[in-house]
Amino acid sequence: MSEVVFPGEAGSSKDLSTDTIGTAYACRQGLLLLQVPTGKLGSGASWLSGVCDALKADSRVSDLKRPRHREHQARVDVMYPRNADYFDDDLLTGRDRFFAYRMSDPVTFVVQVAAEDQTEFRGSRDFPDGPYYVSWDGICLAVLWEQPSDQMVSIAAGRFVADVIRDAATSSGLDVFVQACSPGCQNIFTHVDTLIVSRGTYHRNSDRVTCTHRDKLGSPFSELDRWFGEISYPFFLFGTFKNHSRRIRDLDKAAGFRLSALLQIQQKRGVISAESGVPKKIRERWKMRGWRKAAESLTADVWLASAVVETMRREWNEERRRFREYREKDAFTKLFSMDSSDDELAVESIDMSLARQALTHTSSRLDTRMMVFVTALAGCAGLIGAVSGGVLGATIAG
């Protein structure tokens, strides 16, 4: 594990009179998930080959190192897309899920791109003069470049690499999914970047940078390989935790929207019952025709959402436990802090008890109405049977 010193904390370099400006490696890391069509690993070799072939054919890519496919170390996991349609049944059933393939070893390559060919981000057009060195295992993406140690890590740098990988995935019949910190965030990397510097080298202080110190800096690829080897598994755990956190939050919102629709039906029925004019009651009830079917459907949906949330949250607790084991290590505490705390608090605060109480009340009213209908039907059937029996008995006696 590298020695990590956070700028501004004990041991960090911040005084130009004692430290010198030198070369550093900036690295941005994020979650770029390779979407594959099946959960079976038997196709893993062809997926890897297709992506690597497409990258090799890209004129922007050089020095491609094609990894081996070791099936016993690769894996495919169920992930979920962002779904803001809270009345979409696929959100409740999970039919919108996709499979993400994690390679047994990362593919590494160099991307050469001129600054004018890159797109500004949040007003920044600060791009490195040299190439990007890339390592990607289908889940974790790390983009490294060389820069002076006193420069800040640009929020616009490295984003072009995601477009290169997306083009390669599309060419091979696959796709990629950026797991952002939140649905509206356009930043494809974590909000804290990494600066790899040699000891005694000056670097700028920032809340958004962790500094990894080396006795002596190696080549770009050697430093990338070393750093990626340390972060790839924590990022895999982070990816599962983050993705499933977002799905649980979406399910909670879906339950809330559907419960609200159900309660609105009950509220409208109450208002109609309180109306004094018979003609108006008849008109309003006619407008609400079919309400029972809608209420029963919404009730079933909210019950299902509640059950899925509780099931996923039990699995999420285990995913969080495994992720925490790495996040709480010194090298990763700050790296993940901005991108994980919000989800953790949000999922912990989800309380489905109110929804269940409302469902119990609504269901009991629906069941009571049905029980009255069934009882009346049974009474009519008994009366008809008694009358029929009496008529039959009289006929026989006659």
# chains A, B, ... in the order shown; residues from 1 in each chain; ligands from 1
>>> closest_atom_pairs(of="range 197-223 of chain A", to="range 20-30 of chain A", cutoff="9 Å", atoms="only C-alpha atoms", output="JSON lines")
{"residue": "A:Val197", "atom": "CA", "partner": "A:Ala24", "partner_atom": "CA", "distance": 4.9}
{"residue": "A:Ser198", "atom": "CA", "partner": "A:Ala24", "partner_atom": "CA", "distance": 7.5}
{"residue": "A:Gly200", "atom": "CA", "partner": "A:Thr20", "partner_atom": "CA", "distance": 6.8}
{"residue": "A:Thr201", "atom": "CA", "partner": "A:Thr20", "partner_atom": "CA", "distance": 5.1}
{"residue": "A:Tyr202", "atom": "CA", "partner": "A:Ile21", "partner_atom": "CA", "distance": 5.2}
{"residue": "A:His203", "atom": "CA", "partner": "A:Ile21", "partner_atom": "CA", "distance": 7.4}
{"residue": "A:Leu217", "atom": "CA", "partner": "A:Ala24", "partner_atom": "CA", "distance": 8.0}
{"residue": "A:Pro220", "atom": "CA", "partner": "A:Tyr25", "partner_atom": "CA", "distance": 7.4}
{"residue": "A:Glu223", "atom": "CA", "partner": "A:Tyr25", "partner_atom": "CA", "distance": 8.2}
>>> residues_around(residues="range 137-146 of chain A", least_positions_apart="5", cutoff="8 Å", atoms="only C-alpha atoms", output="CSV table (one decimal) with C-alpha atoms, in the first residue's frame")
chain,number,residue,atom,x,y,z
A,23,THR,CA,7.2,16.2,-12.1
A,24,ALA,CA,4.0,14.5,-10.8
A,25,TYR,CA,1.4,12.1,-12.1
A,26,ALA,CA,-2.2,13.2,-11.9
A,27,CYS,CA,-4.7,10.3,-11.9
A,28,ARG,CA,-8.5,10.4,-12.2
A,29,GLN,CA,-10.5,7.3,-11.4
A,30,GLY,CA,-14.1,6.4,-11.8
A,31,LEU,CA,-16.7,3.8,-12.5
A,32,LEU,CA,-17.2,2.9,-16.2
A,33,LEU,CA,-19.2,-0.4,-16.4
A,34,LEU,CA,-18.9,-2.6,-19.4
A,100,ALA,CA,-21.5,-5.7,-16.0
A,101,TYR,CA,-18.4,-7.7,-16.9
A,102,ARG,CA,-15.2,-7.3,-14.8
A,103,MET,CA,-12.1,-8.5,-16.5
A,104,SER,CA,-9.6,-10.7,-14.7
A,105,ASP,CA,-6.9,-8.3,-15.7
A,106,PRO,CA,-7.1,-4.7,-16.9
A,107,VAL,CA,-6.5,-3.6,-20.5
A,128,PRO,CA,-2.3,18.1,-20.3
A,130,GLY,CA,1.2,14.9,-23.2
A,131,PRO,CA,-0.8,11.6,-23.6
A,132,TYR,CA,-3.2,9.9,-21.3
A,158,GLY,CA,-9.3,12.6,-18.9
A,161,VAL,CA,-10.9,8.6,-22.7
A,220,PRO,CA,3.9,6.5,-16.3
A,224,LEU,CA,-0.4,3.4,-13.2
A,228,PHE,CA,-4.5,0.5,-10.3
A,232,SER,CA,-9.3,-1.8,-8.6
A,235,PHE,CA,-13.6,0.4,-6.8
A,236,PHE,CA,-15.3,-2.9,-7.7
A,239,GLY,CA,-19.3,0.2,-7.8
>>> select_by_dssp(residues="range 25-183 of chain A", states="strand (DSSP E or B)", output="number ranges by chain")
A: 25-36, 61-65, 75-79, 98-102, 107-111, 121, 124, 132-136, 140-148, 175-178
>>> residues_around(residues="Asp85 in chain A", least_positions_apart="2", cutoff="12 Å", atoms="only C-alpha atoms", output="ChimeraX atom specification")
/A:81-83,87-92,96,250-251,253-255,257-258
>>> closest_residue(among="A:Ala305, A:Ala300, A:Cys185, A:Met288", to="Phe121 in chain A", atoms="only C-alpha atoms")
A:Cys185
>>> closest_residue(among="A:Leu354, A:Leu259, A:Val176, A:Cys211", to="Phe99 in chain A", atoms="only C-alpha atoms")
A:Val176
>>> atom_distance(atom1="CA of Gln151 in chain A", atom2="CA of Glu230 in chain A")
24.2 Å
>>> residues_around(residues="Arg356 in chain A", least_positions_apart="3", cutoff="10 Å", atoms="only C-alpha atoms", output="ChimeraX atom specification")
/A:259,299,302-303,306,351-353,359-362
>>> atom_distance(atom1="CA of Phe98 in chain A", atom2="CA of Val61 in chain A")
27.8 Å
>>> select_by_dssp(residues="range 57-233 of chain A", states="helix (DSSP H, G or I)", output="ChimeraX atom specification")
/A:89-93,115-117,159-171,220-233
>>> write_last_selection(atoms="N, CA, C and O atoms", output="short mmCIF file (atom, residue, chain, number, x, y, z; two decimals), in the first residue's frame")
data_model
loop_
_atom_site.label_atom_id
_atom_site.label_comp_id
_atom_site.auth_asym_id
_atom_site.auth_seq_id
_atom_site.Cartn_x
_atom_site.Cartn_y
_atom_site.Cartn_z
N ASP A 89 -43.07 -0.41 -14.43
CA ASP A 89 -43.08 -1.69 -13.73
C ASP A 89 -41.72 -2.37 -13.74
O ASP A 89 -41.40 -3.17 -12.85
N ASP A 90 -40.89 -2.06 -14.75
CA ASP A 90 -39.55 -2.66 -14.81
C ASP A 90 -38.71 -2.25 -13.61
O ASP A 90 -37.81 -2.99 -13.18
N LEU A 91 -39.00 -1.08 -13.06
CA LEU A 91 -38.27 -0.63 -11.87
C LEU A 91 -38.58 -1.53 -10.68
O LEU A 91 -37.68 -1.85 -9.88
N LEU A 92 -39.83 -1.97 -10.56
CA LEU A 92 -40.22 -2.83 -9.44
C LEU A 92 -39.74 -4.26 -9.62
O LEU A 92 -39.33 -4.91 -8.66
N THR A 93 -39.80 -4.75 -10.85
CA THR A 93 -39.48 -6.16 -11.10
C THR A 93 -38.00 -6.39 -11.38
O THR A 93 -37.53 -7.52 -11.31
N ALA A 115 -5.40 19.10 -27.43
CA ALA A 115 -6.26 19.86 -26.52
C ALA A 115 -7.49 20.40 -27.23
O ALA A 115 -8.60 20.40 -26.68
N GLU A 116 -7.32 20.84 -28.48
CA GLU A 116 -8.45 21.43 -29.20
C GLU A 116 -9.52 20.41 -29.57
O GLU A 116 -10.65 20.78 -29.92
N ASP A 117 -9.18 19.14 -29.50
CA ASP A 117 -10.15 18.09 -29.81
C ASP A 117 -10.90 17.61 -28.57
O ASP A 117 -11.75 16.71 -28.67
N ARG A 159 -11.58 13.09 -19.53
CA ARG A 159 -12.94 12.72 -19.92
C ARG A 159 -12.99 12.15 -21.34
O ARG A 159 -13.85 11.32 -21.65
N PHE A 160 -12.09 12.60 -22.17
CA PHE A 160 -12.05 12.12 -23.55
C PHE A 160 -11.87 10.61 -23.62
O PHE A 160 -12.36 9.95 -24.55
N VAL A 161 -11.18 10.05 -22.65
CA VAL A 161 -10.90 8.61 -22.65
C VAL A 161 -12.19 7.79 -22.59
O VAL A 161 -12.32 6.74 -23.22
N ALA A 162 -13.17 8.28 -21.82
CA ALA A 162 -14.44 7.56 -21.73
C ALA A 162 -15.13 7.47 -23.09
O ALA A 162 -15.76 6.46 -23.42
N ASP A 163 -14.99 8.52 -23.91
CA ASP A 163 -15.57 8.48 -25.26
C ASP A 163 -14.87 7.44 -26.13
O ASP A 163 -15.51 6.75 -26.93
N VAL A 164 -13.55 7.34 -25.98
CA VAL A 164 -12.79 6.34 -26.73
C VAL A 164 -13.26 4.93 -26.36
O VAL A 164 -13.48 4.08 -27.24
N ILE A 165 -13.41 4.68 -25.08
CA ILE A 165 -13.84 3.35 -24.64
C ILE A 165 -15.28 3.08 -25.06
O ILE A 165 -15.62 1.96 -25.49
N ARG A 166 -16.13 4.09 -24.97
CA ARG A 166 -17.52 3.91 -25.40
C ARG A 166 -17.59 3.56 -26.89
O ARG A 166 -18.37 2.68 -27.30
N ASP A 167 -16.79 4.23 -27.70
CA ASP A 167 -16.76 3.92 -29.14
C ASP A 167 -16.32 2.47 -29.38
O ASP A 167 -16.88 1.77 -30.23
N ALA A 168 -15.32 2.02 -28.62
CA ALA A 168 -14.83 0.65 -28.77
C ALA A 168 -15.89 -0.36 -28.35
O ALA A 168 -16.09 -1.39 -29.01
N ALA A 169 -16.57 -0.09 -27.25
CA ALA A 169 -17.63 -0.99 -26.78
C ALA A 169 -18.76 -1.07 -27.79
O ALA A 169 -19.27 -2.17 -28.11
N THR A 170 -19.16 0.08 -28.32
CA THR A 170 -20.25 0.11 -29.31
C THR A 170 -19.85 -0.65 -30.57
O THR A 170 -20.67 -1.40 -31.14
N SER A 171 -18.60 -0.49 -31.00
CA SER A 171 -18.13 -1.19 -32.20
C SER A 171 -18.15 -2.69 -32.03
O SER A 171 -18.32 -3.44 -33.00
N PRO A 220 5.38 6.31 -16.37
CA PRO A 220 3.93 6.46 -16.28
C PRO A 220 3.19 5.14 -16.16
O PRO A 220 2.29 4.99 -15.32
N PHE A 221 3.55 4.15 -16.98
CA PHE A 221 2.85 2.87 -16.93
C PHE A 221 3.13 2.12 -15.63
O PHE A 221 2.26 1.47 -15.07
N SER A 222 4.36 2.21 -15.13
CA SER A 222 4.68 1.49 -13.89
C SER A 222 3.92 2.09 -12.72
O SER A 222 3.41 1.36 -11.85
N GLU A 223 3.80 3.41 -12.68
CA GLU A 223 3.03 4.05 -11.61
C GLU A 223 1.54 3.78 -11.76
O GLU A 223 0.83 3.57 -10.77
N LEU A 224 1.05 3.75 -13.00
CA LEU A 224 -0.36 3.44 -13.23
C LEU A 224 -0.68 2.01 -12.81
O LEU A 224 -1.69 1.76 -12.14
N ASP A 225 0.19 1.07 -13.19
CA ASP A 225 -0.04 -0.32 -12.83
C ASP A 225 -0.04 -0.50 -11.31
O ASP A 225 -0.88 -1.23 -10.77
N ARG A 226 0.86 0.18 -10.66
CA ARG A 226 0.96 0.05 -9.20
C ARG A 226 -0.28 0.63 -8.52
O ARG A 226 -0.86 0.01 -7.62
N TRP A 227 -0.69 1.81 -8.95
CA TRP A 227 -1.85 2.45 -8.34
C TRP A 227 -3.14 1.70 -8.66
O TRP A 227 -4.00 1.50 -7.80
N PHE A 228 -3.27 1.26 -9.91
CA PHE A 228 -4.48 0.53 -10.30
C PHE A 228 -4.58 -0.79 -9.53
O PHE A 228 -5.68 -1.21 -9.16
N GLY A 229 -3.45 -1.41 -9.29
CA GLY A 229 -3.47 -2.65 -8.50
C GLY A 229 -4.00 -2.44 -7.09
O GLY A 229 -4.55 -3.35 -6.48
N GLU A 230 -3.83 -1.23 -6.56
CA GLU A 230 -4.31 -0.92 -5.22
C GLU A 230 -5.79 -0.52 -5.20
O GLU A 230 -6.50 -0.79 -4.23
N ILE A 231 -6.28 0.12 -6.28
CA ILE A 231 -7.64 0.66 -6.24
C ILE A 231 -8.68 -0.18 -6.96
O ILE A 231 -9.88 0.01 -6.75
N SER A 232 -8.27 -1.14 -7.80
CA SER A 232 -9.25 -1.82 -8.65
C SER A 232 -10.30 -2.58 -7.84
O SER A 232 -11.50 -2.50 -8.13
N TYR A 233 -9.87 -3.35 -6.82
CA TYR A 233 -10.85 -4.10 -6.03
C TYR A 233 -11.71 -3.19 -5.16
O TYR A 233 -12.94 -3.36 -5.12
#
>>> closest_residue(among="A:Ser62, A:Thr38, A:Gln179, A:Thr311", to="Gln112 in chain A", atoms="only C-alpha atoms")
A:Ser62
>>> closest_atom_pairs(of="range 156-216 of chain A", to="range 312-331 of chain A", cutoff="12 Å", atoms="only C-alpha atoms", output="CSV")
residue,atom,partner,partner_atom,distance
A:Thr194,CA,A:Ala331,CA,10.3
A:Val209,CA,A:Ala331,CA,11.7
A:Thr210,CA,A:Ala331,CA,8.3
A:Cys211,CA,A:Ala331,CA,9.2
A:Thr212,CA,A:Ala331,CA,8.2
A:His213,CA,A:Ala331,CA,11.1
>>> decode(residues="range 95-118 of chain A", atoms="N, CA, C and O atoms", output="short mmCIF file (atom, residue, chain, number, x, y, z; two decimals), in the first residue's frame")
data_model
loop_
_atom_site.label_atom_id
_atom_site.label_comp_id
_atom_site.auth_asym_id
_atom_site.auth_seq_id
_atom_site.Cartn_x
_atom_site.Cartn_y
_atom_site.Cartn_z
N ARG A 95 -36.62 -5.89 -14.31
CA ARG A 95 -36.43 -6.34 -15.69
C ARG A 95 -35.51 -5.40 -16.47
O ARG A 95 -35.04 -5.76 -17.55
N ASP A 96 -35.27 -4.20 -15.95
CA ASP A 96 -34.38 -3.26 -16.65
C ASP A 96 -32.92 -3.45 -16.26
O ASP A 96 -32.06 -2.66 -16.65
N ARG A 97 -32.61 -4.47 -15.52
CA ARG A 97 -31.24 -4.70 -15.08
C ARG A 97 -30.32 -4.96 -16.27
O ARG A 97 -30.77 -5.28 -17.37
N PHE A 98 -29.03 -4.81 -16.03
CA PHE A 98 -28.05 -5.19 -17.05
C PHE A 98 -26.90 -5.92 -16.36
O PHE A 98 -26.78 -5.92 -15.13
N PHE A 99 -26.06 -6.55 -17.16
CA PHE A 99 -24.93 -7.31 -16.63
C PHE A 99 -23.64 -6.53 -16.90
O PHE A 99 -23.42 -6.02 -17.99
N ALA A 100 -22.81 -6.43 -15.87
CA ALA A 100 -21.52 -5.74 -15.97
C ALA A 100 -20.39 -6.75 -15.85
O ALA A 100 -20.36 -7.56 -14.92
N TYR A 101 -19.47 -6.69 -16.80
CA TYR A 101 -18.37 -7.66 -16.87
C TYR A 101 -17.09 -7.04 -16.33
O TYR A 101 -16.66 -5.97 -16.77
N ARG A 102 -16.51 -7.70 -15.33
CA ARG A 102 -15.21 -7.28 -14.78
C ARG A 102 -14.14 -8.23 -15.27
O ARG A 102 -14.19 -9.44 -15.01
N MET A 103 -13.16 -7.69 -15.97
CA MET A 103 -12.08 -8.52 -16.52
C MET A 103 -11.20 -9.06 -15.40
O MET A 103 -11.09 -8.46 -14.33
N SER A 104 -10.56 -10.17 -15.67
CA SER A 104 -9.63 -10.72 -14.68
C SER A 104 -8.39 -9.84 -14.56
O SER A 104 -7.78 -9.76 -13.49
N ASP A 105 -8.01 -9.17 -15.64
CA ASP A 105 -6.86 -8.26 -15.66
C ASP A 105 -7.24 -7.05 -16.50
O ASP A 105 -8.02 -7.17 -17.46
N PRO A 106 -6.71 -5.89 -16.18
CA PRO A 106 -7.10 -4.70 -16.92
C PRO A 106 -6.45 -4.61 -18.29
O PRO A 106 -5.37 -5.14 -18.52
N VAL A 107 -7.13 -3.92 -19.20
CA VAL A 107 -6.54 -3.55 -20.48
C VAL A 107 -5.90 -2.18 -20.29
O VAL A 107 -6.48 -1.30 -19.66
N THR A 108 -4.68 -2.02 -20.77
CA THR A 108 -3.97 -0.74 -20.64
C THR A 108 -3.60 -0.23 -22.03
O THR A 108 -3.30 -1.02 -22.93
N PHE A 109 -3.60 1.09 -22.18
CA PHE A 109 -3.28 1.68 -23.47
C PHE A 109 -3.00 3.17 -23.29
O PHE A 109 -3.18 3.73 -22.19
N VAL A 110 -2.57 3.80 -24.34
CA VAL A 110 -2.29 5.23 -24.36
C VAL A 110 -3.26 5.91 -25.32
O VAL A 110 -3.55 5.38 -26.39
N VAL A 111 -3.77 7.06 -24.92
CA VAL A 111 -4.64 7.86 -25.79
C VAL A 111 -3.94 9.17 -26.11
O VAL A 111 -3.56 9.92 -25.21
N GLN A 112 -3.76 9.41 -27.39
CA GLN A 112 -3.15 10.65 -27.87
C GLN A 112 -4.26 11.54 -28.42
O GLN A 112 -4.97 11.15 -29.34
N VAL A 113 -4.41 12.73 -27.87
CA VAL A 113 -5.44 13.65 -28.34
C VAL A 113 -4.99 15.08 -28.10
O VAL A 113 -4.43 15.41 -27.05
N ALA A 114 -5.21 15.92 -29.10
CA ALA A 114 -4.84 17.33 -28.98
C ALA A 114 -5.84 18.05 -28.08
O ALA A 114 -7.01 17.66 -27.98
N ALA A 115 -5.40 19.10 -27.43
CA ALA A 115 -6.26 19.86 -26.52
C ALA A 115 -7.49 20.40 -27.23
O ALA A 115 -8.60 20.40 -26.68
N GLU A 116 -7.32 20.84 -28.48
CA GLU A 116 -8.45 21.43 -29.20
C GLU A 116 -9.52 20.41 -29.57
O GLU A 116 -10.65 20.78 -29.92
N ASP A 117 -9.18 19.14 -29.50
CA ASP A 117 -10.15 18.09 -29.81
C ASP A 117 -10.90 17.61 -28.57
O ASP A 117 -11.75 16.71 -28.67
N GLN A 118 -10.59 18.18 -27.42
CA GLN A 118 -11.27 17.79 -26.19
C GLN A 118 -12.29 18.85 -25.80
O GLN A 118 -12.14 20.03 -26.12
#
